[in-house]
$ cat model_2.tsv   # TSV, C-alpha atoms and all ligand atoms
chain	number	residue	atom	x	y	z
A	1	MET	CA	27.81	-9.42	-41.89
A	2	GLU	CA	27.21	-12.43	-39.69
A	3	SER	CA	27.26	-11.85	-36.00
A	4	ALA	CA	30.21	-13.47	-34.27
A	5	ALA	CA	28.09	-14.10	-31.20
A	6	ALA	CA	25.15	-15.74	-33.00
A	7	THR	CA	25.67	-19.33	-31.83
A	8	PRO	CA	29.06	-19.48	-30.14
A	9	GLU	CA	28.52	-22.93	-28.64
A	10	GLY	CA	27.78	-24.43	-32.05
A	11	ASP	CA	30.74	-22.94	-33.89
A	12	LEU	CA	34.22	-24.40	-33.91
A	13	VAL	CA	35.70	-21.45	-35.81
A	14	THR	CA	34.45	-17.87	-36.01
A	15	ILE	CA	35.92	-15.50	-38.58
A	16	THR	CA	35.24	-11.79	-38.14
A	17	GLY	CA	36.16	-8.98	-40.52
A	18	LEU	CA	39.12	-10.94	-41.86
A	19	THR	CA	41.29	-8.89	-44.23
A	20	ARG	CA	44.66	-9.54	-45.83
A	21	GLU	CA	46.53	-7.05	-47.97
A	22	PHE	CA	49.41	-7.75	-50.34
A	23	SER	CA	51.64	-5.05	-51.79
A	24	SER	CA	53.67	-5.03	-54.94
A	25	GLY	CA	56.10	-2.62	-56.52
A	26	GLY	CA	57.46	0.17	-54.42
A	27	GLY	CA	60.78	0.15	-56.29
A	28	LEU	CA	62.40	3.00	-58.17
A	29	MET	CA	60.33	2.51	-61.30
A	30	THR	CA	57.10	1.03	-59.98
A	31	PRO	CA	54.77	2.73	-57.52
A	32	ARG	CA	53.78	0.69	-54.51
A	33	ARG	CA	50.29	-0.78	-54.91
A	34	THR	CA	48.21	-2.59	-52.34
A	35	MET	CA	45.36	-5.03	-52.90
A	36	ARG	CA	43.08	-6.89	-50.54
A	37	ALA	CA	43.17	-10.60	-51.35
A	38	VAL	CA	40.63	-11.15	-48.56
A	39	ASN	CA	38.43	-8.19	-47.75
A	40	ASP	CA	36.35	-8.00	-44.57
A	41	VAL	CA	35.13	-11.60	-44.59
A	42	SER	CA	33.04	-12.83	-41.65
A	43	LEU	CA	31.69	-16.33	-41.32
A	44	ARG	CA	30.92	-19.04	-38.85
A	45	VAL	CA	32.14	-22.61	-39.19
A	46	PRO	CA	29.69	-24.79	-37.26
A	47	ARG	CA	31.09	-27.85	-35.50
A	48	GLY	CA	30.59	-31.17	-37.30
A	49	LYS	CA	29.46	-29.48	-40.52
A	50	VAL	CA	30.98	-28.72	-43.90
A	51	THR	CA	31.30	-25.01	-44.66
A	52	GLY	CA	32.07	-24.34	-48.31
A	53	VAL	CA	33.96	-21.42	-49.84
A	54	VAL	CA	33.55	-21.05	-53.58
A	55	GLY	CA	34.77	-18.62	-56.23
A	56	GLU	CA	36.95	-18.30	-59.30
A	57	SER	CA	40.70	-18.55	-59.29
A	58	GLY	CA	42.29	-15.52	-57.63
A	59	CYS	CA	39.27	-14.54	-55.50
A	60	GLY	CA	41.18	-15.15	-52.27
A	61	LYS	CA	40.23	-18.70	-51.27
A	62	SER	CA	43.73	-19.98	-50.52
A	63	THR	CA	44.62	-16.76	-48.73
A	64	LEU	CA	41.50	-17.23	-46.58
A	65	ALA	CA	42.54	-20.85	-45.90
A	66	ARG	CA	46.01	-19.78	-44.78
A	67	LEU	CA	44.62	-16.97	-42.63
A	68	VAL	CA	42.18	-19.34	-40.92
A	69	LEU	CA	45.01	-21.71	-39.99
A	70	ARG	CA	47.19	-18.72	-39.12
A	71	LEU	CA	49.87	-19.78	-41.55
A	72	ILE	CA	49.91	-16.09	-42.47
A	73	ASP	CA	48.91	-13.07	-40.38
A	74	ALA	CA	45.80	-11.01	-41.01
A	75	THR	CA	45.98	-7.32	-41.85
A	76	ALA	CA	42.74	-6.90	-39.87
A	77	GLY	CA	40.06	-9.07	-38.32
A	78	THR	CA	40.11	-12.17	-36.15
A	79	VAL	CA	39.94	-15.94	-36.32
A	80	ALA	CA	38.65	-17.57	-33.15
A	81	PHE	CA	39.03	-21.31	-32.57
A	82	GLU	CA	36.67	-22.58	-29.86
A	83	GLY	CA	35.97	-18.99	-28.91
A	84	THR	CA	39.57	-17.79	-28.45
A	85	ASP	CA	41.28	-15.45	-30.90
A	86	LEU	CA	44.24	-17.28	-32.46
A	87	ALA	CA	46.24	-14.04	-32.37
A	88	ASN	CA	46.12	-14.16	-28.56
A	89	ARG	CA	47.63	-17.64	-28.28
A	90	SER	CA	51.25	-18.02	-27.25
A	91	PRO	CA	53.64	-19.80	-29.66
A	92	GLY	CA	53.49	-22.86	-27.36
A	93	GLN	CA	49.68	-22.89	-27.37
A	94	MET	CA	49.67	-22.35	-31.12
A	95	ARG	CA	51.99	-25.32	-31.60
A	96	LYS	CA	49.61	-27.56	-29.65
A	97	LEU	CA	46.66	-26.15	-31.55
A	98	ARG	CA	48.31	-26.95	-34.88
A	99	ARG	CA	47.59	-30.62	-34.24
A	100	ARG	CA	43.90	-29.87	-34.14
A	101	MET	CA	43.70	-27.86	-37.37
A	102	GLN	CA	45.18	-29.23	-40.55
A	103	MET	CA	45.20	-28.46	-44.26
A	104	VAL	CA	44.67	-30.70	-47.29
A	105	PHE	CA	46.04	-29.17	-50.51
A	106	GLN	CA	44.90	-29.41	-54.12
A	107	ASP	CA	48.20	-30.86	-55.19
A	108	PRO	CA	49.26	-33.57	-52.77
A	109	TYR	CA	52.80	-33.15	-54.17
A	110	SER	CA	52.99	-29.86	-52.33
A	111	ALA	CA	52.51	-31.79	-49.09
A	112	ILE	CA	54.48	-34.94	-49.88
A	113	ASP	CA	58.16	-34.85	-50.71
A	114	PRO	CA	58.63	-36.93	-53.91
A	115	ARG	CA	61.84	-38.42	-52.47
A	116	TYR	CA	60.04	-39.87	-49.44
A	117	THR	CA	58.25	-43.19	-49.23
A	118	ILE	CA	54.61	-42.99	-48.18
A	119	ARG	CA	55.64	-44.41	-44.80
A	120	ARG	CA	58.06	-41.57	-44.24
A	121	ALA	CA	55.53	-38.99	-45.46
A	122	LEU	CA	53.00	-40.31	-42.95
A	123	LEU	CA	55.49	-40.32	-40.09
A	124	GLU	CA	56.60	-36.76	-40.72
A	125	PRO	CA	53.71	-35.04	-38.89
A	126	PHE	CA	54.60	-36.96	-35.71
A	127	GLN	CA	58.26	-35.95	-36.06
A	128	VAL	CA	57.41	-32.30	-36.74
A	129	GLN	CA	55.27	-32.20	-33.59
A	130	GLY	CA	57.90	-34.07	-31.55
A	131	VAL	CA	55.60	-37.02	-30.84
A	132	ALA	CA	57.95	-39.81	-29.74
A	133	GLN	CA	57.12	-43.29	-30.99
A	134	THR	CA	58.73	-46.70	-30.75
A	135	ALA	CA	59.29	-48.46	-34.09
A	136	ALA	CA	56.28	-50.69	-33.42
A	137	GLU	CA	54.05	-47.68	-32.57
A	138	ALA	CA	55.18	-45.88	-35.72
A	139	ARG	CA	54.39	-48.93	-37.84
A	140	ALA	CA	50.96	-49.28	-36.26
A	141	ALA	CA	50.19	-45.57	-36.70
A	142	VAL	CA	51.10	-45.66	-40.39
A	143	ASP	CA	49.11	-48.85	-40.99
A	144	GLU	CA	46.08	-47.34	-39.31
A	145	LEU	CA	46.31	-44.07	-41.25
A	146	ILE	CA	46.71	-45.75	-44.62
A	147	SER	CA	43.76	-48.07	-43.94
A	148	MET	CA	41.61	-45.17	-42.77
A	149	VAL	CA	41.86	-43.59	-46.23
A	150	GLY	CA	41.10	-46.85	-48.03
A	151	LEU	CA	44.61	-47.73	-49.22
A	152	SER	CA	46.47	-51.00	-48.73
A	153	PRO	CA	49.19	-51.08	-46.05
A	154	ARG	CA	51.40	-52.61	-48.75
A	155	MET	CA	51.55	-49.16	-50.33
A	156	VAL	CA	53.60	-47.59	-47.55
A	157	ALA	CA	56.86	-48.63	-49.22
A	158	SER	CA	55.87	-46.85	-52.47
A	159	PHE	CA	57.05	-43.44	-53.65
A	160	PRO	CA	54.54	-40.75	-54.63
A	161	HIS	CA	55.22	-41.11	-58.38
A	162	GLN	CA	54.09	-44.75	-58.18
A	163	LEU	CA	50.61	-43.66	-57.04
A	164	SER	CA	47.66	-42.38	-59.05
A	165	GLY	CA	46.30	-38.87	-58.45
A	166	GLY	CA	43.46	-40.21	-56.31
A	167	GLN	CA	45.82	-42.39	-54.24
A	168	LYS	CA	48.15	-39.45	-53.70
A	169	GLN	CA	45.28	-37.32	-52.47
A	170	ARG	CA	44.31	-40.14	-50.08
A	171	VAL	CA	47.86	-40.01	-48.70
A	172	GLY	CA	47.53	-36.23	-48.39
A	173	ILE	CA	44.35	-36.73	-46.35
A	174	ALA	CA	45.98	-39.47	-44.22
A	175	ARG	CA	48.85	-37.10	-43.44
A	176	ALA	CA	46.45	-34.38	-42.38
A	177	LEU	CA	44.70	-36.87	-40.08
A	178	ALA	CA	47.89	-38.19	-38.43
A	179	LEU	CA	47.65	-36.00	-35.33
A	180	ARG	CA	43.88	-36.49	-34.93
A	181	PRO	CA	42.70	-32.98	-35.81
A	182	SER	CA	39.16	-31.77	-35.24
A	183	PHE	CA	39.22	-29.20	-38.06
A	184	LEU	CA	40.36	-29.67	-41.66
A	185	VAL	CA	40.75	-26.92	-44.24
A	186	LEU	CA	40.46	-28.62	-47.62
A	187	ASP	CA	41.83	-26.32	-50.34
A	188	GLU	CA	40.45	-27.61	-53.67
A	189	PRO	CA	41.27	-31.22	-52.72
A	190	THR	CA	39.64	-32.69	-55.83
A	191	ALA	CA	40.33	-29.97	-58.41
A	192	SER	CA	43.07	-31.89	-60.20
A	193	LEU	CA	41.19	-35.23	-60.26
A	194	ASP	CA	38.82	-36.80	-62.81
A	195	VAL	CA	35.14	-36.55	-61.94
A	196	SER	CA	34.81	-40.25	-60.99
A	197	ILE	CA	37.86	-40.07	-58.69
A	198	GLN	CA	36.60	-36.76	-57.32
A	199	ALA	CA	33.37	-38.49	-56.26
A	200	GLN	CA	35.35	-41.21	-54.44
A	201	ILE	CA	37.38	-38.63	-52.54
A	202	ILE	CA	34.22	-36.74	-51.57
A	203	ASP	CA	32.70	-40.01	-50.30
A	204	LEU	CA	35.86	-40.70	-48.30
A	205	LEU	CA	35.80	-37.20	-46.78
A	206	GLU	CA	32.14	-37.62	-45.89
A	207	ALA	CA	32.79	-40.96	-44.16
A	208	LEU	CA	35.84	-39.64	-42.28
A	209	LYS	CA	33.87	-36.64	-41.10
A	210	GLU	CA	31.20	-38.91	-39.60
A	211	ASP	CA	33.63	-41.46	-38.12
A	212	LEU	CA	36.05	-38.94	-36.63
A	213	GLY	CA	33.60	-36.12	-35.83
A	214	LEU	CA	35.48	-33.66	-38.05
A	215	THR	CA	34.58	-30.11	-39.06
A	216	TYR	CA	35.52	-28.98	-42.58
A	217	LEU	CA	36.16	-25.73	-44.37
A	218	PHE	CA	35.93	-26.95	-47.97
A	219	ILE	CA	37.30	-24.69	-50.70
A	220	SER	CA	36.46	-25.12	-54.37
A	221	HIS	CA	35.83	-23.22	-57.60
A	222	ASP	CA	32.92	-25.57	-58.36
A	223	LEU	CA	29.63	-24.32	-56.92
A	224	SER	CA	27.72	-27.46	-57.97
A	225	LEU	CA	30.16	-29.63	-56.03
A	226	VAL	CA	30.15	-27.30	-53.04
A	227	ARG	CA	26.35	-27.22	-52.91
A	228	TYR	CA	26.30	-31.01	-53.03
A	229	PHE	CA	28.90	-31.56	-50.31
A	230	CYS	CA	28.54	-28.58	-47.98
A	231	ASP	CA	25.98	-27.60	-45.36
A	232	ARG	CA	26.70	-23.87	-45.71
A	233	VAL	CA	28.25	-22.08	-48.66
A	234	VAL	CA	30.12	-18.78	-48.90
A	235	VAL	CA	30.42	-17.37	-52.43
A	236	MET	CA	33.50	-15.14	-52.82
A	237	TYR	CA	34.36	-12.63	-55.52
A	238	LEU	CA	37.50	-10.48	-55.50
A	239	GLY	CA	38.16	-11.11	-51.83
A	240	ARG	CA	34.64	-10.44	-50.59
A	241	ALA	CA	31.76	-12.66	-49.51
A	242	MET	CA	28.98	-12.02	-52.06
A	243	GLU	CA	26.47	-14.55	-50.78
A	244	ILE	CA	26.16	-16.97	-47.86
A	245	LEU	CA	23.77	-19.89	-48.32
A	246	PRO	CA	22.72	-21.13	-44.88
A	247	ASP	CA	21.98	-24.71	-45.96
A	248	ALA	CA	22.13	-27.08	-48.91
A	249	THR	CA	18.57	-26.30	-50.00
A	250	ALA	CA	18.93	-22.51	-50.22
A	251	ARG	CA	18.73	-21.23	-53.79
A	252	PRO	CA	21.52	-18.84	-54.82
A	253	ARG	CA	20.15	-15.36	-55.55
A	254	HIS	CA	23.32	-13.44	-56.34
A	255	HIS	CA	24.01	-12.94	-60.07
A	256	TYR	CA	27.59	-14.08	-59.62
A	257	ALA	CA	26.51	-17.26	-57.84
A	258	HIS	CA	24.17	-17.99	-60.76
A	259	ALA	CA	26.89	-17.42	-63.30
A	260	LEU	CA	29.08	-19.83	-61.33
A	261	LEU	CA	26.35	-22.47	-61.26
A	262	ASP	CA	25.78	-22.18	-65.02
A	263	SER	CA	29.45	-22.25	-65.85
A	264	ASN	CA	29.96	-25.33	-63.74
A	265	PHE	CA	27.25	-27.27	-65.51
A	266	GLU	CA	29.84	-28.97	-67.65
A	267	PRO	CA	30.39	-32.64	-66.88
A	268	ASP	CA	33.67	-32.87	-68.80
A	269	PRO	CA	36.34	-31.96	-66.20
A	270	ALA	CA	38.76	-30.85	-68.92
A	271	ARG	CA	36.31	-28.10	-69.89
A	272	ARG	CA	35.28	-27.20	-66.37
A	273	LYS	CA	37.12	-23.92	-66.37
A	274	VAL	CA	34.84	-21.43	-64.71
A	275	ILE	CA	36.89	-18.43	-65.60
A	276	THR	CA	36.58	-18.87	-69.38
A	277	MET	CA	32.87	-19.53	-69.33
A	278	LEU	CA	31.71	-16.40	-67.57
A	279	ASP	CA	31.41	-13.28	-69.67
A	280	GLY	CA	33.72	-10.39	-69.01
A	281	GLU	CA	37.04	-10.09	-67.27
A	282	ILE	CA	37.65	-10.15	-63.56
A	283	PRO	CA	38.86	-6.64	-62.69
A	284	SER	CA	42.44	-6.29	-61.56
A	285	PRO	CA	42.67	-6.98	-57.84
A	286	PHE	CA	44.48	-3.64	-57.59
A	287	ALA	CA	41.59	-1.70	-59.17
A	288	VAL	CA	39.65	0.60	-56.86
A	289	ILE	CA	36.00	-0.22	-57.51
A	290	PRO	CA	33.50	2.16	-55.91
A	291	GLY	CA	30.39	0.01	-56.48
A	292	CYS	CA	29.74	-3.70	-56.86
A	293	ALA	CA	32.90	-5.55	-57.93
A	294	PHE	CA	30.80	-7.78	-60.22
A	295	ALA	CA	29.11	-4.88	-62.10
A	296	ASP	CA	31.23	-5.18	-65.27
A	297	ARG	CA	30.07	-8.78	-65.75
A	298	CYS	CA	26.57	-8.60	-64.33
A	299	PRO	CA	23.50	-8.66	-66.63
A	300	ALA	CA	21.46	-6.72	-64.04
A	301	ALA	CA	24.00	-3.97	-63.26
A	302	SER	CA	22.47	-0.49	-62.77
A	303	ASP	CA	23.95	2.93	-62.13
A	304	LEU	CA	23.41	2.32	-58.43
A	305	CYS	CA	25.52	-0.87	-58.68
A	306	ARG	CA	28.41	1.08	-60.23
A	307	ARG	CA	28.13	3.84	-57.65
A	308	GLU	CA	27.51	2.12	-54.33
A	309	ARG	CA	28.92	-1.11	-53.03
A	310	PRO	CA	26.11	-3.39	-51.83
A	311	VAL	CA	26.57	-4.54	-48.24
A	312	LEU	CA	26.01	-8.10	-47.12
A	313	THR	CA	22.48	-8.23	-45.71
A	314	ASP	CA	20.30	-11.01	-44.34
A	315	LEU	CA	17.40	-12.05	-46.57
A	316	GLY	CA	16.12	-14.10	-43.63
A	317	GLY	CA	17.21	-17.35	-42.01
A	318	GLY	CA	20.89	-16.50	-42.35
A	319	HIS	CA	20.77	-16.26	-46.16
A	320	MET	CA	23.10	-13.29	-46.73
A	321	ILE	CA	23.58	-11.44	-49.98
A	322	ALA	CA	25.51	-8.38	-51.18
A	323	CYS	CA	23.45	-7.26	-54.17
A	324	HIS	CA	21.23	-4.26	-54.99
A	325	HIS	CA	18.96	-6.29	-57.29
A	326	PRO	CA	18.93	-9.97	-56.21
A	327	ARG	CA	17.47	-12.55	-58.57
A	328	ASP	CA	14.07	-14.00	-57.72
B	401	LIG	N1	51.94	-14.07	-51.17
B	401	LIG	C1	51.29	-13.28	-52.01
B	401	LIG	N2	51.83	-12.12	-52.44
B	401	LIG	C2	51.16	-11.29	-53.28
B	401	LIG	N3	49.93	-11.54	-53.75
B	401	LIG	C3	49.34	-12.69	-53.36
B	401	LIG	C4	49.98	-13.61	-52.49
B	401	LIG	N4	49.13	-14.67	-52.29
B	401	LIG	C5	48.04	-14.41	-53.01
B	401	LIG	N5	48.14	-13.22	-53.66
B	401	LIG	C6	47.13	-12.60	-54.51
B	401	LIG	O1	45.91	-12.61	-53.81
B	401	LIG	C7	44.83	-12.92	-54.66
B	401	LIG	C8	44.09	-14.13	-54.14
B	401	LIG	O2	44.93	-15.27	-54.30
B	401	LIG	P1	44.49	-16.70	-53.75
B	401	LIG	O3	44.11	-16.56	-52.32
B	401	LIG	O4	45.57	-17.65	-54.08
B	401	LIG	O5	43.19	-17.00	-54.61
B	401	LIG	P2	42.48	-18.39	-54.98
B	401	LIG	O6	42.97	-19.44	-54.02
B	401	LIG	O7	41.02	-18.10	-54.84
B	401	LIG	O8	42.85	-18.70	-56.39
B	401	LIG	C9	45.41	-13.08	-56.05
B	401	LIG	O9	45.28	-11.87	-56.75
B	401	LIG	C10	46.86	-13.40	-55.77
B	401	LIG	O10	47.68	-12.98	-56.84
B	402	LIG	S1	24.84	-5.33	-57.00
B	402	LIG	FE1	24.24	-4.92	-59.11
B	402	LIG	S2	26.07	-5.44	-60.31
B	402	LIG	FE2	26.33	-6.37	-58.32
B	402	LIG	S3	25.53	-8.43	-58.55
B	402	LIG	FE3	23.84	-7.19	-57.77
B	402	LIG	S4	22.74	-6.50	-59.60
B	402	LIG	FE4	24.75	-7.25	-60.30
B	403	MG	MG	43.77	-21.34	-54.38

$ encode --input "model_2.tsv" --output "structure tokens"
Amino acid sequence: MESAAATPEGDLVTITGLTREFSSGGGLMTPRRTMRAVNDVSLRVPRGKVTGVVGESGCGKSTLARLVLRLIDATAGTVAFEGTDLANRSPGQMRKLRRRMQMVFQDPYSAIDPRYTIRRALLEPFQVQGVAQTAAEARAAVDELISMVGLSPRMVASFPHQLSGGQKQRVGIARALALRPSFLVLDEPTASLDVSIQAQIIDLLEALKEDLGLTYLFISHDLSLVRYFCDRVVVMYLGRAMEILPDATARPRHHYAHALLDSNFEPDPARRKVITMLDGEIPSPFAVIPGCAFADRCPAASDLCRRERPVLTDLGGGHMIACHHPRD
């Protein structure tokens, strides 16, 4: 586990032991079952850098994103923003803080009401936060936002359905930037886009990060993309951090990370479905697994792996791995 106190001055966000349980059933016919969507995850998000979180669908990425922004409460663990636990902030402080931490979603439709013009969608964050503006200020703010994401100001009168997928995602990013945040959580922002459009959005995010001094938590199921774009990478499986790569040059050594890399080596986006290209099934999130959660799918699994859960340990230089038999 990473130490929360390692480099406090360099970290915008520090996540320690973060856990979130969900329950189902508990009715007359079905017993109540509890699963951990996010299970004891600790990581640092250095200021001005891109921290990546990668894993297959259902491994807990979106739950982690929502926990980090405190859109949902944690079952255990803490999220500190600039050194202060978010759970200790008053509702008033939290409201102010919301301006500084924003989310970009995979499907911009989930953030933009299809009945609104782009202008109205871009003005909404100001209204939600009670930021008063004259008509001229509002116009200027919208023009600036739309230009920042590389769209023409003429587009503000359009409705979402008149925009392409890439343009819609640019609007989603512009909306997230409206209140000048310092921290963006990007939850699979390019997953529904073609590869060429995906590259343009990544370039835009890179430029915005430099221009505005932003810090990103970038979530994706695509390890190749995450390794390309991110400074640090956290590989998640069934709610747990399996490997943390400290920089873009570090070679993955966890068997799951390797399987992810191989399965992502498919340039055709229509076939880039990680989950179908790895052997074996992901265990039920409700299953109680005594050993390594990846053992059923791992080519190197031993009796030890099935018996004892490997703990996240430092291989040196902040390269963390939870595996009994790491790859060379
Ligand atoms: N609100 C919820 N209620 C019950 N289960 C949930 C809820 N949100 C997520 N889950 C479960 O938590 C697990 C992780 O989900 P999620 O964080 O959405 O994963 P990912 O974003 O990596 O696909 C899944 O098994 C999912 O079904
Ligand atoms: S702990 Fe064992 S089963 Fe799990 S990834 Fe490592 S070698 Fe494979
Ligand atoms: Mg998700």

$ residues_near_point --input "model_2.tsv" --point "(36.7, -34.3, -57.4)" --cutoff "10 Å" --atoms "all atoms listed in the file" --output "tab-separated table (two decimals) with C-alpha atoms, in the frame of the given file"
chain	number	residue	atom	x	y	z
A	166	GLY	CA	43.46	-40.21	-56.31
A	188	GLU	CA	40.45	-27.61	-53.67
A	189	PRO	CA	41.27	-31.22	-52.72
A	190	THR	CA	39.64	-32.69	-55.83
A	191	ALA	CA	40.33	-29.97	-58.41
A	192	SER	CA	43.07	-31.89	-60.20
A	193	LEU	CA	41.19	-35.23	-60.26
A	194	ASP	CA	38.82	-36.80	-62.81
A	195	VAL	CA	35.14	-36.55	-61.94
A	196	SER	CA	34.81	-40.25	-60.99
A	197	ILE	CA	37.86	-40.07	-58.69
A	198	GLN	CA	36.60	-36.76	-57.32
A	199	ALA	CA	33.37	-38.49	-56.26
A	200	GLN	CA	35.35	-41.21	-54.44
A	201	ILE	CA	37.38	-38.63	-52.54
A	202	ILE	CA	34.22	-36.74	-51.57
A	203	ASP	CA	32.70	-40.01	-50.30
A	220	SER	CA	36.46	-25.12	-54.37
A	222	ASP	CA	32.92	-25.57	-58.36
A	225	LEU	CA	30.16	-29.63	-56.03
A	269	PRO	CA	36.34	-31.96	-66.20

$ residues_near_ligand --input "model_2.tsv" --ligand "ligand LIG 402 (chain B)" --cutoff "7 Å" --atoms "all atoms listed in the file" --output "ChimeraX atom specification"
/A:254-256,292-295,298-302,305-306,310,322-326

$ axis_aligned_box --input "model_2.tsv" --around "stretch 78-91 of chain A" --padding-each-side "5 Å" --output "JSON"
{"center_x": 44.8, "center_y": -17.4, "center_z": -31.8, "size_x": 27.7, "size_y": 20.4, "size_z": 19.1}

$ closest_atom_pairs --input "model_2.tsv" --of "chain A" --to "ligand MG 403 (chain B)" --cutoff "9 Å" --atoms "all atoms listed in the file" --output "Markdown table"
| residue | atom | partner | partner_atom | distance |
| --- | --- | --- | --- | --- |
| A:Glu56 | CA | B:MG403 | MG | 8.9 |
| A:Ser57 | CA | B:MG403 | MG | 6.4 |
| A:Gly58 | CA | B:MG403 | MG | 6.8 |
| A:Cys59 | CA | B:MG403 | MG | 8.2 |
| A:Gly60 | CA | B:MG403 | MG | 7.0 |
| A:Lys61 | CA | B:MG403 | MG | 5.4 |
| A:Ser62 | CA | B:MG403 | MG | 4.1 |
| A:Thr63 | CA | B:MG403 | MG | 7.3 |
| A:Ala65 | CA | B:MG403 | MG | 8.6 |
| A:Gln106 | CA | B:MG403 | MG | 8.2 |
| A:Asp187 | CA | B:MG403 | MG | 6.7 |
| A:Glu188 | CA | B:MG403 | MG | 7.1 |
| A:Ile219 | CA | B:MG403 | MG | 8.2 |
| A:Ser220 | CA | B:MG403 | MG | 8.2 |
| A:His221 | CA | B:MG403 | MG | 8.8 |

$ atom_distance --input "model_2.tsv" --atom1 "atom CA of A:Arg115" --atom2 "atom CA of A:Val171"
14.6 Å

$ closest_residue --input "model_2.tsv" --among "A:Phe286, A:Phe22, A:Tyr228, A:Phe105" --to "ligand LIG 401 (chain B)" --atoms "only C-alpha atoms and all ligand atoms"
A:Phe22

$ closest_residue --input "model_2.tsv" --among "A:Glu137, A:Leu186, A:Ser224, A:Leu86" --to "ligand LIG 401 (chain B)" --atoms "all atoms listed in the file"
A:Leu186

$ atom_distance --input "model_2.tsv" --atom1 "atom CA of A:Gln167" --atom2 "atom O6 of ligand LIG 401 (chain B)"
23.1 Å

$ residues_around --input "model_2.tsv" --residues "A:Pro246" --least-positions-apart "6" --cutoff "10 Å" --atoms "all atoms listed in the file" --output "JSON, numbers by chain"
{"A": [51, 230, 231, 232, 233, 234, 316, 317, 318, 319, 320]}

$ write_last_selection --input "model_2.tsv" --atoms "C-alpha atoms" --output "tab-separated table (two decimals), keeping the file's coordinate frame"
chain	number	residue	atom	x	y	z
A	51	THR	CA	31.30	-25.01	-44.66
A	230	CYS	CA	28.54	-28.58	-47.98
A	231	ASP	CA	25.98	-27.60	-45.36
A	232	ARG	CA	26.70	-23.87	-45.71
A	233	VAL	CA	28.25	-22.08	-48.66
A	234	VAL	CA	30.12	-18.78	-48.90
A	316	GLY	CA	16.12	-14.10	-43.63
A	317	GLY	CA	17.21	-17.35	-42.01
A	318	GLY	CA	20.89	-16.50	-42.35
A	319	HIS	CA	20.77	-16.26	-46.16
A	320	MET	CA	23.10	-13.29	-46.73

$ atom_distance --input "model_2.tsv" --atom1 "atom CA of A:Met35" --atom2 "atom CA of A:Ala241"
16.0 Å

$ closest_residue --input "model_2.tsv" --among "A:Arg70, A:Leu223, A:Glu124, A:Val41" --to "A:Val311" --atoms "only C-alpha atoms"
A:Val41

$ closest_residue --input "model_2.tsv" --among "A:Arg240, A:Arg120, A:Arg297, A:Arg327" --to "ligand LIG 401 (chain B)" --atoms "only C-alpha atoms and all ligand atoms"
A:Arg240

$ closest_residue --input "model_2.tsv" --among "A:Ser23, A:Leu69, A:Gly291, A:Ser152" --to "A:Met101" --atoms "all atoms listed in the file"
A:Leu69

$ closest_residue --input "model_2.tsv" --among "A:Leu43, A:Val226, A:Val38, A:Val128" --to "ligand LIG 401 (chain B)" --atoms "only C-alpha atoms and all ligand atoms"
A:Val38
